[in-house]
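Structure record follows, encoded as structure tokens.
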Amino acid sequence: AQTVTQSQPEMSVQEAETVTLSCTYDTSESNYYLFWYKQPPSRQMILVIRQEAYKQQNATENRFSVNFQKAAKSFSLKISDSQLGDTAMYFCAFMGDDMRFGAGTRLTVKP
Amino acid sequence: DAGVIQSPRHEVTEMGQEVTLRCKPISGHDYLFWYRQTMMRGLELLIYFNNNVPIDDSGMPEDRFSAKMPNASFSTLKIQPSEPRDSAVYFCASSPMDGPLRYGYTFGSGTRLTVV
């Protein structure tokens, strides 16, 4: 079974700074997808960014980018120019037969 | 599109009572998923459907939990009888046939269940 590990329960960053959230996973599959979801206090799960394992190029979505290291089974999320609205729980997810989530990282952006 | 719609948003019930959570997936989506979120266990997949048929219910914790999808636009998750340890946020999510791998899931706003 696939497992997803987020080793940072909590992180904080100053507004406008850059922060990186870590995620590692374990799988024997060669083709899969990885996702980062954001869960603000409203509780809504919002897709932030996705990465296809067979693509070497790291995905980017505006201020959000990933560092995908397939051999190391690592999938970190970088948030540039952090904004107060980025304060949320962030979940890393692995998609094989179904989607499995990490435990989450609570990010606080400080003014 | 209105997105995935869940009801109620909050539910408080007494131990032993039956609880029914409801979900309307996005029109045209073939997959429907039920997740449970707790502080201790995070997000757990309970069951998922493909074209209204349950595919994997291995995450359903006990026989007290049951889920149905009578048609493509409606699903229920029922707990009977409910217990305090069932208190959690329950999410429904949906995805189109070629969507899960490529686009992930679209989640509803969740139902916060409190069993007292």
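If you're wondering about the labels, chains in the structure tokens are A, B, ... by order shown, residues count from 1 in each chain, ligands from 1 in order shown.
Once Thr13 (chain B) and its same-chain neighbours fewer than 4 positions away are set aside, Gln17, Val19, Leu113, Thr114, Val115 and Val116 of chain B remain within 8 Å of it when counting only C-alpha atoms.
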Kindly provide the residues of chain B that approach chain A to within 6 Å, each paired with its closest atom pair and their distance in Å to one decimal, based on only C-alpha atoms, listed by chain and increasing number, as a Markdown table.
| residue | atom | partner | partner_atom | distance |
| --- | --- | --- | --- | --- |
| B:Gly42 | CA | A:Ala103 | CA | 5.4 |
| B:Phe107 | CA | A:Met45 | CA | 5.9 |
| B:Ser109 | CA | A:Gln44 | CA | 4.9 |
Atoms to include: N, CA, C and O atoms. Write the selected residues as a PDB file, in the first residue's frame.
ATOM      1  N   GLY B  42      -6.301  11.677  10.301  1.00  0.00           N
ATOM      2  CA  GLY B  42      -6.213  12.434   9.048  1.00  0.00           C
ATOM      3  C   GLY B  42      -7.362  12.114   8.115  1.00  0.00           C
ATOM      4  O   GLY B  42      -8.471  11.811   8.557  1.00  0.00           O
ATOM      5  N   PHE B 107     -13.801  18.230  -4.150  1.00  0.00           N
ATOM      6  CA  PHE B 107     -14.389  17.924  -2.855  1.00  0.00           C
ATOM      7  C   PHE B 107     -15.580  18.832  -2.560  1.00  0.00           C
ATOM      8  O   PHE B 107     -15.615  19.996  -2.980  1.00  0.00           O
ATOM      9  N   SER B 109     -17.878  20.566   0.679  1.00  0.00           N
ATOM     10  CA  SER B 109     -17.482  21.360   1.851  1.00  0.00           C
ATOM     11  C   SER B 109     -17.461  20.552   3.138  1.00  0.00           C
ATOM     12  O   SER B 109     -17.062  21.069   4.174  1.00  0.00           O
TER      13      SER B 109
END
**OP:** If you run DSSP over the backbone, which residues in region 2-100 of chain A end up strand (DSSP E or B)? Put them as a ChimeraX atom specification.
**Re:** /A:3-5,10-14,19-21,24-26,33-39,46-52,60-61,64-69,74-79,88-95,99-100
**OP:** Write out as a list in words which residues come within 8 Å of Tyr35 (chain B) when counting only C-alpha atoms, dropping same-chain ones fewer than 6 positions away.
**Re:** Leu43, Glu44, Leu45, Leu46, Ile47, Tyr90, Phe91, Cys92 and Ala93 of chain B
Could you take the residues named above and write them with N, CA, C and O atoms, as a PDB file, in the first residue's frame?
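The result, stored in result27.pdb:
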ATOM      1  N   LEU B  43      -7.094  12.154   6.816  1.00  0.00           N
ATOM      2  CA  LEU B  43      -8.100  11.873   5.798  1.00  0.00           C
ATOM      3  C   LEU B  43      -8.053  10.398   5.423  1.00  0.00           C
ATOM      4  O   LEU B  43      -7.045   9.901   4.930  1.00  0.00           O
ATOM      5  N   GLU B  44      -9.158   9.727   5.645  1.00  0.00           N
ATOM      6  CA  GLU B  44      -9.247   8.299   5.350  1.00  0.00           C
ATOM      7  C   GLU B  44     -10.311   8.063   4.284  1.00  0.00           C
ATOM      8  O   GLU B  44     -11.424   8.566   4.403  1.00  0.00           O
ATOM      9  N   LEU B  45      -9.971   7.275   3.290  1.00  0.00           N
ATOM     10  CA  LEU B  45     -10.953   6.883   2.288  1.00  0.00           C
ATOM     11  C   LEU B  45     -11.851   5.792   2.857  1.00  0.00           C
ATOM     12  O   LEU B  45     -11.362   4.761   3.323  1.00  0.00           O
ATOM     13  N   LEU B  46     -13.142   6.027   2.824  1.00  0.00           N
ATOM     14  CA  LEU B  46     -14.090   5.047   3.356  1.00  0.00           C
ATOM     15  C   LEU B  46     -14.586   4.113   2.254  1.00  0.00           C
ATOM     16  O   LEU B  46     -14.572   2.896   2.417  1.00  0.00           O
ATOM     17  N   ILE B  47     -15.025   4.690   1.150  1.00  0.00           N
ATOM     18  CA  ILE B  47     -15.608   3.906   0.070  1.00  0.00           C
ATOM     19  C   ILE B  47     -15.611   4.751  -1.184  1.00  0.00           C
ATOM     20  O   ILE B  47     -15.625   5.984  -1.100  1.00  0.00           O
ATOM     21  N   TYR B  90     -16.866  14.582   7.468  1.00  0.00           N
ATOM     22  CA  TYR B  90     -17.033  13.621   6.386  1.00  0.00           C
ATOM     23  C   TYR B  90     -17.100  14.381   5.062  1.00  0.00           C
ATOM     24  O   TYR B  90     -17.932  15.272   4.884  1.00  0.00           O
ATOM     25  N   PHE B  91     -16.210  14.012   4.159  1.00  0.00           N
ATOM     26  CA  PHE B  91     -16.149  14.655   2.852  1.00  0.00           C
ATOM     27  C   PHE B  91     -16.636  13.708   1.772  1.00  0.00           C
ATOM     28  O   PHE B  91     -16.357  12.509   1.792  1.00  0.00           O
ATOM     29  N   CYS B  92     -17.311  14.296   0.815  1.00  0.00           N
ATOM     30  CA  CYS B  92     -17.645  13.619  -0.417  1.00  0.00           C
ATOM     31  C   CYS B  92     -16.830  14.289  -1.529  1.00  0.00           C
ATOM     32  O   CYS B  92     -16.604  15.510  -1.493  1.00  0.00           O
ATOM     33  N   ALA B  93     -16.372  13.503  -2.482  1.00  0.00           N
ATOM     34  CA  ALA B  93     -15.628  14.042  -3.614  1.00  0.00           C
ATOM     35  C   ALA B  93     -16.062  13.312  -4.879  1.00  0.00           C
ATOM     36  O   ALA B  93     -16.520  12.163  -4.813  1.00  0.00           O
TER      37      ALA B  93
END
Original post:
For Lys110 (chain A), which residue among A:Ala16, A:Val66, A:Val4, A:Ile79 is the nearest when counting only C-alpha atoms?
Top reply: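 Ranking A:Ala16, A:Val66, A:Val4, A:Ile79 by distance to Lys110 (chain A), first place goes to A:Ala16.
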Subject >> Between CA of Lys73 (chain A) and CA of Arg106 (chain A) - distance in Å to one decimal >> reply: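 Atom-to-atom, CA of Arg106 (chain A) and CA of Lys73 (chain A) are spaced 21.7 Å apart.
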**OP:** For Asp63 (chain B), work out the shell of residues within 12 Å, counting only C-alpha atoms and skipping chain neighbours fewer than 5 positions away, then give it as a list in words.
**Re:**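 The contact residues come out as Asp57, Ser58, Lys78, Ile79, Gln80, Pro81 and Ser82 of chain B.
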Subject >> Residue among A:Val109, A:Gln57, A:Ser76, A:Thr18 lying closest to Thr5 (chain A), counting only C-alpha atoms >> reply: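 With only C-alpha atoms as the atom set, the closest residue is A:Ser76.
Distance-wise, CA of Pro8 (chain B) and CA of Thr87 (chain A) end up 26.0 Å apart.
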**OP:** Tell me which of A:Ser12, A:Lys55, A:Ser80, A:Phe64 sits closest to Lys38 (chain A), counting only C-alpha atoms.
**Re:**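 That would be A:Phe64, the residue with the smallest distance to Lys38 (chain A).
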Original post:
Got a sec: who's within 9 Å of Gly3 (chain B), counting only C-alpha atoms, leaving out chain neighbours fewer than 6 positions off, as a PyMOL selection string?
Top reply: chain B and resi 24-27+106-108
Subject >> Interatomic distance, CA of Met69 (chain B) to CA of Cys23 (chain B) (Å, one decimal) >> reply: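 Value for the CA of Met69 (chain B)-CA of Cys23 (chain B) distance: 9.3 Å.
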**OP:** Check chain B with DSSP on the backbone and list each residue it calls alpha helix (DSSP H), as a ChimeraX atom specification.
**Re:** /B:99-103
Just the selected residues (C-alpha atoms), exported as a PDB file, in the first residue's frame, please.
ATOM      1  CA  GLY B  99     -10.248  12.709 -14.224  1.00  0.00           C
ATOM      2  CA  PRO B 100      -8.867  10.998 -11.138  1.00  0.00           C
ATOM      3  CA  LEU B 101      -5.406  10.474 -12.459  1.00  0.00           C
ATOM      4  CA  ARG B 102      -5.148  13.688 -14.358  1.00  0.00           C
ATOM      5  CA  TYR B 103      -7.101  16.229 -12.335  1.00  0.00           C
TER       6      TYR B 103
END
Subject >> Spatial neighbours of Met97 (chain B), max dist 8 Å, only C-alpha atoms, sep filter under 6 positions, as number ranges by chain >> reply: B: 29-31
Deliver the residues from the most recent selection as a file, using all heavy atoms, as a PDB file, in the first residue's frame.
ATOM      1  N   HIS B  29     -19.836  13.440 -13.534  1.00  0.00           N
ATOM      2  CA  HIS B  29     -18.719  12.742 -12.897  1.00  0.00           C
ATOM      3  C   HIS B  29     -19.101  11.286 -12.642  1.00  0.00           C
ATOM      4  O   HIS B  29     -20.195  10.986 -12.173  1.00  0.00           O
ATOM      5  CB  HIS B  29     -18.346  13.427 -11.583  1.00  0.00           C
ATOM      6  CG  HIS B  29     -17.499  14.637 -11.770  1.00  0.00           C
ATOM      7  ND1 HIS B  29     -16.807  15.223 -10.742  1.00  0.00           N
ATOM      8  CD2 HIS B  29     -17.218  15.360 -12.879  1.00  0.00           C
ATOM      9  CE1 HIS B  29     -16.132  16.258 -11.199  1.00  0.00           C
ATOM     10  NE2 HIS B  29     -16.377  16.365 -12.493  1.00  0.00           N
ATOM     11  N   ASP B  30     -18.149  10.402 -12.954  1.00  0.00           N
ATOM     12  CA  ASP B  30     -18.424   8.973 -12.847  1.00  0.00           C
ATOM     13  C   ASP B  30     -18.002   8.375 -11.512  1.00  0.00           C
ATOM     14  O   ASP B  30     -18.458   7.308 -11.142  1.00  0.00           O
ATOM     15  CB  ASP B  30     -17.677   8.228 -13.964  1.00  0.00           C
ATOM     16  CG  ASP B  30     -18.031   8.763 -15.340  1.00  0.00           C
ATOM     17  OD1 ASP B  30     -19.139   8.466 -15.810  1.00  0.00           O
ATOM     18  OD2 ASP B  30     -17.202   9.473 -15.940  1.00  0.00           O
ATOM     19  N   TYR B  31     -17.069   9.028 -10.837  1.00  0.00           N
ATOM     20  CA  TYR B  31     -16.549   8.512  -9.581  1.00  0.00           C
ATOM     21  C   TYR B  31     -17.074   9.349  -8.427  1.00  0.00           C
ATOM     22  O   TYR B  31     -17.144  10.580  -8.509  1.00  0.00           O
ATOM     23  CB  TYR B  31     -15.022   8.561  -9.559  1.00  0.00           C
ATOM     24  CG  TYR B  31     -14.332   7.539 -10.420  1.00  0.00           C
ATOM     25  CD1 TYR B  31     -14.023   7.820 -11.747  1.00  0.00           C
ATOM     26  CD2 TYR B  31     -13.972   6.294  -9.910  1.00  0.00           C
ATOM     27  CE1 TYR B  31     -13.386   6.891 -12.539  1.00  0.00           C
ATOM     28  CE2 TYR B  31     -13.324   5.365 -10.695  1.00  0.00           C
ATOM     29  CZ  TYR B  31     -13.034   5.663 -12.004  1.00  0.00           C
ATOM     30  OH  TYR B  31     -12.405   4.736 -12.789  1.00  0.00           O
TER      31      TYR B  31
END
Original post:
Which is closer to Gln2 (chain A) than all the others in A:Asn67, A:Asp26, A:Pro41, A:Glu61, using only C-alpha atoms?
Top reply: A:Asp26
**OP:** Point out the residue among B:Tyr48, B:Met39, B:Glu62, B:Leu32 with the least atom-to-atom distance to Val4 (chain B), counting only C-alpha atoms.
**Re:** B:Leu32
